[in-house]
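Below is the file run-v5.txt, which contains compact mmCIF, C-alpha atoms.
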# COMPACT_ATOMS: atom_id res chain seq x y z
CA MET H 8 15.01 5.64 14.15
CA GLN H 9 11.53 7.11 14.54
CA HIS H 10 11.32 10.72 15.72
CA PRO H 11 10.18 10.83 19.41
CA ILE H 12 7.15 13.01 18.60
CA TYR H 13 5.88 10.37 16.16
CA LEU H 14 6.31 7.66 18.77
CA ILE H 15 4.33 9.64 21.36
CA ARG H 16 1.62 10.47 18.83
CA ARG H 17 1.39 6.81 17.84
CA ILE H 18 0.86 5.70 21.43
CA PHE H 19 -1.94 8.19 22.03
CA GLY H 20 -3.20 8.06 18.45
CA GLU H 21 -3.81 4.31 18.54
CA ARG H 22 -5.82 4.75 21.72
CA ASN H 23 -7.97 7.52 20.25
CA ARG H 24 -8.44 6.32 16.67
CA LYS H 25 -11.58 4.26 17.23
CA PRO H 26 -14.08 7.01 16.19
CA TYR H 27 -12.28 7.51 12.87
CA LEU H 28 -12.25 3.79 12.17
CA GLU H 29 -15.94 3.46 13.02
CA ASP H 30 -16.79 6.33 10.67
CA MET H 31 -14.75 4.92 7.77
CA ARG H 32 -16.12 1.40 8.19
CA SER H 33 -19.73 2.61 8.41
CA ARG H 34 -19.37 4.50 5.11
CA LEU H 35 -17.67 1.67 3.23
CA ASN H 36 -20.14 -0.05 0.90
CA ASN H 37 -17.62 -1.96 -1.19
CA ARG H 38 -15.65 -4.64 0.64
CA GLU H 39 -14.65 -6.77 -2.36
CA PHE H 40 -11.94 -4.60 -3.91
CA SER H 41 -8.36 -5.79 -4.34
CA LEU H 42 -5.83 -3.21 -3.22
CA PHE H 43 -2.30 -3.41 -4.62
CA SER H 44 0.53 -1.35 -3.16
CA PRO H 45 4.34 -1.72 -3.33
CA ALA H 46 4.79 -1.20 0.41
CA CYS H 47 2.85 -1.36 3.69
CA MET H 48 0.18 1.08 2.57
CA GLY H 49 -2.29 -1.53 1.36
CA GLY H 50 -2.17 -3.55 4.56
CA VAL H 51 -2.61 -0.50 6.80
CA ILE H 52 -5.59 0.82 4.85
CA CYS H 53 -7.32 -2.56 4.70
CA SER H 54 -6.71 -3.11 8.42
CA ASP H 55 -8.16 0.32 9.25
CA LEU H 56 -11.23 -0.47 7.14
CA GLY H 57 -11.61 -3.94 8.62
CA VAL H 58 -11.65 -5.69 5.23
CA ARG H 59 -10.08 -8.95 4.12
CA PHE H 60 -6.77 -8.82 2.29
CA ASN H 61 -7.85 -9.53 -1.31
CA SER H 62 -4.37 -8.95 -2.68
CA PRO H 63 -1.00 -10.61 -2.01
CA THR H 64 0.92 -7.31 -1.76
CA VAL H 65 0.45 -7.06 2.01
CA ASN H 66 3.12 -6.81 4.72
CA LEU H 67 5.91 -6.66 2.20
CA LEU H 68 7.99 -4.40 -0.02
CA ILE H 69 8.41 -4.51 -3.79
CA ARG H 70 10.72 -2.08 -5.55
CA PHE H 71 8.67 0.23 -7.72
CA ASP H 72 10.04 -0.89 -11.09
CA ASP H 73 9.21 -4.49 -10.15
CA PHE H 74 5.81 -3.45 -8.82
CA LEU H 75 5.01 -1.65 -12.06
CA ARG H 76 5.95 -4.73 -14.07
CA LEU H 77 3.77 -6.86 -11.77
CA MET H 78 0.74 -4.62 -12.35
CA GLU H 79 1.34 -4.50 -16.11
CA GLN H 80 1.24 -8.32 -16.33
CA LEU H 81 -0.81 -9.19 -13.26
CA PRO H 82 -2.52 -12.44 -14.41
CA HIS H 83 0.83 -13.82 -15.56
CA TYR H 84 2.69 -13.08 -12.34
CA LEU H 85 -0.14 -14.26 -10.11
CA SER H 86 -0.13 -17.58 -11.94
CA LEU H 87 3.39 -18.16 -10.62
CA THR H 88 4.38 -19.43 -7.20
CA PRO H 89 7.14 -17.42 -5.49
CA ILE H 90 10.29 -19.24 -4.44
CA PRO H 91 12.88 -18.37 -1.78
CA THR H 92 16.00 -16.51 -2.89
CA LYS H 93 19.05 -15.00 -1.21
CA ARG H 94 18.18 -12.72 1.69
CA GLU H 95 20.85 -10.19 0.74
CA GLY H 96 21.70 -9.68 4.41
CA LYS H 97 18.05 -9.04 5.34
CA HIS H 98 16.61 -10.55 8.52
CA TYR H 99 13.34 -11.36 6.73
CA PRO H 100 12.50 -13.67 3.80
CA VAL H 101 13.10 -12.58 0.21
CA LEU H 102 11.11 -14.32 -2.51
CA LEU H 103 11.43 -14.44 -6.27
CA LEU H 104 8.28 -14.28 -8.43
CA GLY H 105 9.63 -14.86 -11.90
CA ASP H 106 11.98 -11.88 -12.29
CA ILE H 107 10.37 -9.87 -9.46
CA LYS H 108 11.83 -9.73 -5.94
CA ILE H 109 9.47 -9.62 -2.98
CA TYR H 110 10.87 -8.40 0.34
CA CYS H 111 8.68 -9.98 3.03
CA VAL H 112 9.49 -7.49 5.78
CA HIS H 113 6.74 -8.62 8.17
CA TYR H 114 7.11 -12.38 7.78
CA HIS H 115 9.20 -14.81 9.82
CA SER H 116 9.75 -17.61 7.32
CA ASN H 117 9.72 -18.44 3.63
CA LYS H 118 6.95 -20.96 4.20
CA GLN H 119 4.68 -18.40 5.87
CA ALA H 120 5.35 -15.72 3.22
CA ILE H 121 4.73 -18.09 0.30
CA LYS H 122 1.56 -19.49 1.89
CA LYS H 123 0.07 -16.01 2.36
CA TRP H 124 1.05 -14.87 -1.14
CA VAL H 125 -0.61 -17.89 -2.78
CA GLU H 126 -3.66 -17.70 -0.52
CA ARG H 127 -4.29 -14.00 -1.19
CA SER H 128 -3.52 -14.26 -4.91
CA LYS H 129 -6.54 -16.54 -5.25
CA ARG H 130 -8.80 -13.83 -3.79
CA VAL H 131 -7.97 -11.14 -6.33
CA ASN H 132 -11.05 -9.47 -7.80
CA TYR H 133 -9.96 -8.58 -11.33
CA ASP H 134 -13.13 -6.53 -11.79
CA ASP H 135 -12.19 -4.12 -8.98
CA ILE H 136 -8.45 -3.59 -8.74
CA CYS H 137 -7.15 -0.52 -6.93
CA VAL H 138 -3.55 0.67 -7.09
CA ILE H 139 -2.17 3.02 -4.44
CA THR H 140 1.42 4.12 -4.14
CA SER H 141 3.28 6.82 -2.30
CA GLY H 142 5.01 9.13 -4.77
CA LEU H 143 6.36 8.52 -8.26
CA PRO H 144 9.76 9.32 -9.79
CA TRP H 145 8.18 12.31 -11.55
CA LYS H 146 11.30 13.16 -13.55
CA ASN H 147 11.23 9.71 -15.16
CA GLU H 148 8.66 10.27 -17.90
CA ASP H 149 8.72 6.63 -18.98
CA ILE H 150 7.77 5.40 -15.50
CA VAL H 151 5.01 8.02 -15.17
CA LYS H 152 3.55 7.13 -18.57
CA ARG H 153 3.62 3.42 -17.77
CA PHE H 154 1.85 4.03 -14.48
CA GLU H 155 -0.81 6.13 -16.18
CA ALA H 156 -1.27 3.41 -18.81
CA LEU H 157 -2.06 0.68 -16.26
CA PRO H 158 -5.39 -0.95 -17.23
CA TYR H 159 -7.17 -0.12 -13.96
CA LYS H 160 -9.70 2.61 -13.26
CA LYS H 161 -8.69 3.19 -9.64
CA LEU H 162 -5.22 4.70 -9.34
CA VAL H 163 -3.97 6.92 -6.53
CA VAL H 164 -0.57 8.42 -5.85
CA THR H 165 -0.19 10.12 -2.50
CA ASP H 166 2.50 12.76 -2.40
CA TYR H 167 3.52 16.08 -0.92
CA PRO H 168 2.23 19.50 -2.10
CA ASP H 169 5.09 20.02 -4.56
CA ALA H 170 3.99 17.00 -6.63
CA PRO H 171 2.50 17.56 -10.10
CA ASP H 172 -1.19 18.40 -10.38
CA LYS H 173 -2.79 15.27 -11.78
CA GLU H 174 -6.22 13.75 -11.31
CA TYR H 175 -4.85 10.68 -9.56
CA VAL H 176 -2.47 12.59 -7.26
CA LYS H 177 -3.69 13.19 -3.71
CA LYS H 178 -1.50 15.67 -1.88
CA ILE H 179 -0.78 15.26 1.82
CA VAL H 180 0.06 18.27 3.95
CA THR H 181 2.18 17.54 7.03
CA ASN H 182 3.44 19.82 9.76
CA ARG H 183 6.94 18.37 9.50
CA GLY H 184 7.36 18.44 5.74
CA LYS H 185 8.70 15.28 4.11
CA THR H 186 9.94 13.74 7.36
CA ALA H 187 6.37 12.60 8.05
CA THR H 188 5.01 9.53 6.29
CA LEU H 189 1.44 8.91 5.23
CA PHE H 190 0.63 6.75 8.24
CA ASN H 191 2.24 8.82 10.98
CA TYR H 192 -0.27 10.20 13.44
CA LYS H 193 -0.65 13.94 12.91
CA ASN H 194 -1.88 14.60 16.45
CA PHE H 195 -2.89 12.90 19.69
CA LYS H 196 -6.55 12.63 18.62
CA GLY H 197 -6.07 9.54 16.47
CA GLN H 198 -5.86 11.22 13.07
CA ARG H 199 -3.32 9.97 10.57
CA TYR H 200 -1.98 12.09 7.73
CA TYR H 201 -3.59 9.78 5.21
CA ASP H 202 -7.03 10.70 6.57
CA GLN H 203 -6.75 13.78 4.36
CA VAL H 204 -7.60 11.45 1.46
CA ASP H 205 -11.11 9.98 1.44
CA PHE H 206 -10.17 6.43 0.52
CA VAL H 207 -13.65 5.19 1.42
CA GLU H 208 -15.11 7.29 -1.41
CA PHE H 209 -12.33 5.99 -3.65
CA PHE H 210 -13.18 2.34 -2.94
CA ASN H 211 -16.94 2.91 -3.12
CA LYS H 212 -16.79 4.20 -6.71
Here is the file; what I need is its structure written in the form of structure tokens.
Amino acid sequence: MQHPIYLIRRIFGERNRKPYLEDMRSRLNNREFSLFSPACMGGVICSDLGVRFNSPTVNLLIRFDDFLRLMEQLPHYLSLTPIPTKREGKHYPVLLLGDIKIYCVHYHSNKQAIKKWVERSKRVNYDDICVITSGLPWKNEDIVKRFEALPYKKLVVTDYPDAPDKEYVKKIVTNRGKTATLFNYKNFKGQRYYDQVDFVEFFNK
């Protein structure tokens, strides 16, 4: 259950966020990138920037080991069509893309989830792929090395201040420690914690 302060901030934050969105959108010169993320991050950022979803990893959840495998063999996996699989007690569709499970947390039906995945897979700009994820299992050296070896120039890991110092790590400071997520509103003015990272500059590169 969401902490009451986050709920109140969200109500007022959504009302007051317009100036931040206008500023980000006015500075964005590149609107053709494809943003891949294992959770809701990609969809939220693209929605804030007012850009089309040029990646199928939107409004869904992919476990990180599966997501890493997807990004390592992206053309192969995007050539496949996902199929429905057991929901594992979930109230939302679960799809299977080869050996990768896709948890479609914001979709109502298999048909809708498959349609959107196929539709957005066709939009992928292989010349401008961005990968953003929240945290890495830093103690797992194999996972970290595989992430760093991904064949894409634009990689970002958002994490808390105790994360390792790496070029691709963007540290987020929150006033409630690790109970706050990247997209919680940090105040009533419409600022989100992720605004500490200049993603517009990241996409414009």
Inset, instruction - Mind checking which residues fall within 8 Å of stretch 101-118 of chain H, counting only C-alpha atoms, ignoring those fewer than 4 positions away in the same chain, and posting them as an MDAnalysis selection string? - result: chainID H and resid 66:70 73:74 77 84 87:94 97 122
The selected residues should be written to file as a compact mmCIF listing (two decimals), keeping the file's coordinate frame (atoms: C-alpha atoms).
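Everything below was put into result-v5.txt:
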# COMPACT_ATOMS: atom_id res chain seq x y z
CA ASN H 66 3.12 -6.81 4.72
CA LEU H 67 5.91 -6.66 2.20
CA LEU H 68 7.99 -4.40 -0.02
CA ILE H 69 8.41 -4.51 -3.79
CA ARG H 70 10.72 -2.08 -5.55
CA ASP H 73 9.21 -4.49 -10.15
CA PHE H 74 5.81 -3.45 -8.82
CA LEU H 77 3.77 -6.86 -11.77
CA TYR H 84 2.69 -13.08 -12.34
CA LEU H 87 3.39 -18.16 -10.62
CA THR H 88 4.38 -19.43 -7.20
CA PRO H 89 7.14 -17.42 -5.49
CA ILE H 90 10.29 -19.24 -4.44
CA PRO H 91 12.88 -18.37 -1.78
CA THR H 92 16.00 -16.51 -2.89
CA LYS H 93 19.05 -15.00 -1.21
CA ARG H 94 18.18 -12.72 1.69
CA LYS H 97 18.05 -9.04 5.34
CA LYS H 122 1.56 -19.49 1.89
Legend entry - Near-H:Gly197 list (7 Å; only C-alpha atoms; drop same-chain fewer than 2 positions) as a list in words: Gly20, Glu21, Asn23, Arg24, Tyr192, Asn194, Phe195 and Arg199 of chain H
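Take atom CA of H:Arg16 and atom CA of H:Leu28: the distance between them is 16.8 Å.
Atom CA of H:Val131 sits 25.4 Å away from atom CA of H:Asp202.
Among the candidates H:Glu174, H:Asp72, H:Glu39, H:Glu208, the residue lying nearest to H:Asp134 is H:Glu39 (atoms considered: all atoms listed in the file).
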Inset, instruction - Skip H:Leu85 itself and residues of its chain fewer than 3 positions away, then list as a count of residues only all residues within 7 Å of it, counting only C-alpha atoms. - result: 3
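Ranking H:Leu56, H:Arg76, H:His83, H:Ser44 by their shortest atom-to-atom distance to H:Gly142, with only C-alpha atoms included, puts H:Ser44 first.
Atom pair atom CA of H:Phe190 / atom CA of H:Lys152 has a distance of 27.0 Å (rounded to one decimal).
Nearest residue to H:Arg34 among H:Lys161, H:Ile139, H:Gly57, H:Asn147 is H:Gly57, counting all atoms listed in the file.
Comparing the minimum interatomic distances between H:Glu79 and each of H:Ala156, H:Val51, H:Val163, H:Ile15, counting all atoms listed in the file, we find that H:Ala156 sits nearest.
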Legend entry - Spatial neighbours of H:Tyr200, max dist 9 Å, all atoms listed in the file, sep filter under 4 positions, as a ChimeraX atom specification: /H:179-181,187-193,204
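If you measure from each of H:Val138, H:Ile18, H:Ile121, H:Cys47 to H:Phe209 using only C-alpha atoms, the closest one turns out to be H:Val138.
Compared by their closest atoms to H:Phe154, and using all atoms listed in the file, the residues H:Tyr133, H:Phe210, H:Tyr175, H:Trp124 rank with H:Tyr175 nearest.
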Inset, instruction - Skip H:Tyr159 itself and residues of its chain fewer than 3 positions away, then list as a list in words all residues within 8 Å of it, counting only C-alpha atoms. - result: Ile136, Cys137, Val138 and Leu162 of chain H
